[in-house]
Amino acid sequence: MERFQKLYSQGKISITEIWVDTVTGVNYVYHKNGYAGGLTPLLDKDGKPVTSPAEPHPAG
């Protein structure tokens, strides 16, 4: 299983995606426009990271 999974995607040229880290459960926003892009944690109204349930991973 991949550590990061894409949950949402919007756009063709200007792309916005939401990814989740399956180990920590933290959600990230990725935005790309042309040759520039950026990734940042998705925050709730209190400034805390949005999380999804983390999936168990085998040790190693």
# chains A, B, ... in the order shown; residues from 1 in each chain; ligands from 1
>>> residues_around(residues="Thr40 of chain A", least_positions_apart="2", cutoff="8 Å", atoms="only C-alpha atoms", output="list in words")
Tyr28, Val29, Tyr30, Gly38 and Leu42 of chain A
>>> write_last_selection(atoms="N, CA, C and O atoms", output="mmCIF file, in the first residue's frame")
data_model
loop_
_atom_site.group_PDB
_atom_site.id
_atom_site.type_symbol
_atom_site.label_atom_id
_atom_site.label_comp_id
_atom_site.auth_asym_id
_atom_site.auth_seq_id
_atom_site.Cartn_x
_atom_site.Cartn_y
_atom_site.Cartn_z
ATOM 1 N N TYR A 28 -3.466 16.728 3.318
ATOM 2 C CA TYR A 28 -2.665 17.780 2.704
ATOM 3 C C TYR A 28 -3.371 18.319 1.473
ATOM 4 O O TYR A 28 -4.054 17.576 0.762
ATOM 5 N N VAL A 29 -3.192 19.625 1.213
ATOM 6 C CA VAL A 29 -3.684 20.257 -0.003
ATOM 7 C C VAL A 29 -2.494 20.451 -0.929
ATOM 8 O O VAL A 29 -1.465 20.989 -0.514
ATOM 9 N N TYR A 30 -2.640 20.004 -2.172
ATOM 10 C CA TYR A 30 -1.623 20.208 -3.195
ATOM 11 C C TYR A 30 -2.249 21.061 -4.284
ATOM 12 O O TYR A 30 -3.363 20.785 -4.736
ATOM 13 N N GLY A 38 2.596 23.523 -4.886
ATOM 14 C CA GLY A 38 2.893 23.552 -3.463
ATOM 15 C C GLY A 38 2.029 22.573 -2.701
ATOM 16 O O GLY A 38 0.940 22.199 -3.142
ATOM 17 N N LEU A 42 -3.717 20.511 5.429
ATOM 18 C CA LEU A 42 -5.062 21.077 5.422
ATOM 19 C C LEU A 42 -5.434 21.368 6.870
ATOM 20 O O LEU A 42 -5.353 20.474 7.726
#
>>> residues_around(residues="Leu39 of chain A", least_positions_apart="6", cutoff="12 Å", atoms="only C-alpha atoms", output="ChimeraX atom specification")
/A:15-20,27-32
>>> select_by_dssp(residues="chain A", states="strand (DSSP E)", output="number ranges by chain")
A: 4-10, 14-21, 27-33, 36-41
>>> write_last_selection(atoms="N, CA and C atoms", output="short mmCIF file (atom, residue, chain, number, x, y, z; two decimals), in the first residue's frame")
data_model
loop_
_atom_site.label_atom_id
_atom_site.label_comp_id
_atom_site.auth_asym_id
_atom_site.auth_seq_id
_atom_site.Cartn_x
_atom_site.Cartn_y
_atom_site.Cartn_z
N PHE A 4 0.81 7.63 0.67
CA PHE A 4 -0.09 8.74 0.39
C PHE A 4 -1.15 8.32 -0.60
N GLN A 5 -2.41 8.70 -0.33
CA GLN A 5 -3.52 8.39 -1.22
C GLN A 5 -4.24 9.68 -1.58
N LYS A 6 -4.58 9.82 -2.87
CA LYS A 6 -5.32 11.00 -3.32
C LYS A 6 -6.80 10.81 -3.00
N LEU A 7 -7.38 11.79 -2.30
CA LEU A 7 -8.79 11.73 -1.94
C LEU A 7 -9.67 12.54 -2.89
N TYR A 8 -9.09 13.60 -3.48
CA TYR A 8 -9.89 14.54 -4.28
C TYR A 8 -9.01 15.21 -5.31
N SER A 9 -9.57 15.49 -6.47
CA SER A 9 -8.84 16.21 -7.50
C SER A 9 -9.81 17.09 -8.28
N GLN A 10 -9.37 18.31 -8.60
CA GLN A 10 -10.20 19.25 -9.34
C GLN A 10 -9.31 20.03 -10.30
N SER A 14 -5.10 24.34 -13.78
CA SER A 14 -4.88 24.72 -12.40
C SER A 14 -5.47 23.60 -11.54
N ILE A 15 -4.62 22.79 -10.94
CA ILE A 15 -5.05 21.56 -10.27
C ILE A 15 -4.99 21.72 -8.75
N THR A 16 -6.05 21.32 -8.08
CA THR A 16 -6.09 21.27 -6.63
C THR A 16 -6.42 19.84 -6.23
N GLU A 17 -5.62 19.28 -5.32
CA GLU A 17 -5.84 17.90 -4.87
C GLU A 17 -5.76 17.85 -3.35
N ILE A 18 -6.44 16.87 -2.77
CA ILE A 18 -6.31 16.58 -1.35
C ILE A 18 -5.75 15.18 -1.23
N TRP A 19 -4.66 15.07 -0.46
CA TRP A 19 -3.97 13.81 -0.23
C TRP A 19 -4.00 13.50 1.25
N VAL A 20 -4.01 12.21 1.60
CA VAL A 20 -3.95 11.80 3.00
C VAL A 20 -2.72 10.92 3.21
N ASP A 21 -2.03 11.16 4.31
CA ASP A 21 -0.92 10.31 4.74
C ASP A 21 -1.56 9.15 5.49
N ASN A 27 -4.22 15.22 6.45
CA ASN A 27 -4.64 15.57 5.10
C ASN A 27 -3.81 16.74 4.61
N TYR A 28 -3.47 16.73 3.32
CA TYR A 28 -2.67 17.78 2.70
C TYR A 28 -3.37 18.32 1.47
N VAL A 29 -3.19 19.62 1.21
CA VAL A 29 -3.68 20.26 0.00
C VAL A 29 -2.49 20.45 -0.93
N TYR A 30 -2.64 20.00 -2.17
CA TYR A 30 -1.62 20.21 -3.20
C TYR A 30 -2.25 21.06 -4.28
N HIS A 31 -1.56 22.13 -4.68
CA HIS A 31 -2.06 22.98 -5.77
C HIS A 31 -0.96 23.17 -6.79
N LYS A 32 -1.30 23.00 -8.06
CA LYS A 32 -0.34 23.15 -9.16
C LYS A 32 -0.97 24.05 -10.21
N ASN A 33 -0.17 25.00 -10.70
CA ASN A 33 -0.61 25.88 -11.77
C ASN A 33 0.60 26.11 -12.68
N ALA A 36 4.50 25.72 -11.41
CA ALA A 36 4.62 25.94 -9.96
C ALA A 36 3.62 25.06 -9.22
N GLY A 37 4.00 24.65 -8.02
CA GLY A 37 3.11 23.84 -7.21
C GLY A 37 3.50 23.93 -5.75
N GLY A 38 2.60 23.52 -4.89
CA GLY A 38 2.89 23.55 -3.46
C GLY A 38 2.03 22.57 -2.70
N LEU A 39 2.54 22.14 -1.55
CA LEU A 39 1.87 21.18 -0.69
C LEU A 39 1.88 21.73 0.73
N THR A 40 0.73 21.68 1.40
CA THR A 40 0.64 22.17 2.77
C THR A 40 -0.41 21.36 3.52
N PRO A 41 -0.26 21.23 4.85
CA PRO A 41 -1.30 20.52 5.62
C PRO A 41 -2.64 21.26 5.50
#
>>> atom_distance(atom1="atom CA of Thr51 of chain A", atom2="atom CA of Gly34 of chain A")
28.7 Å
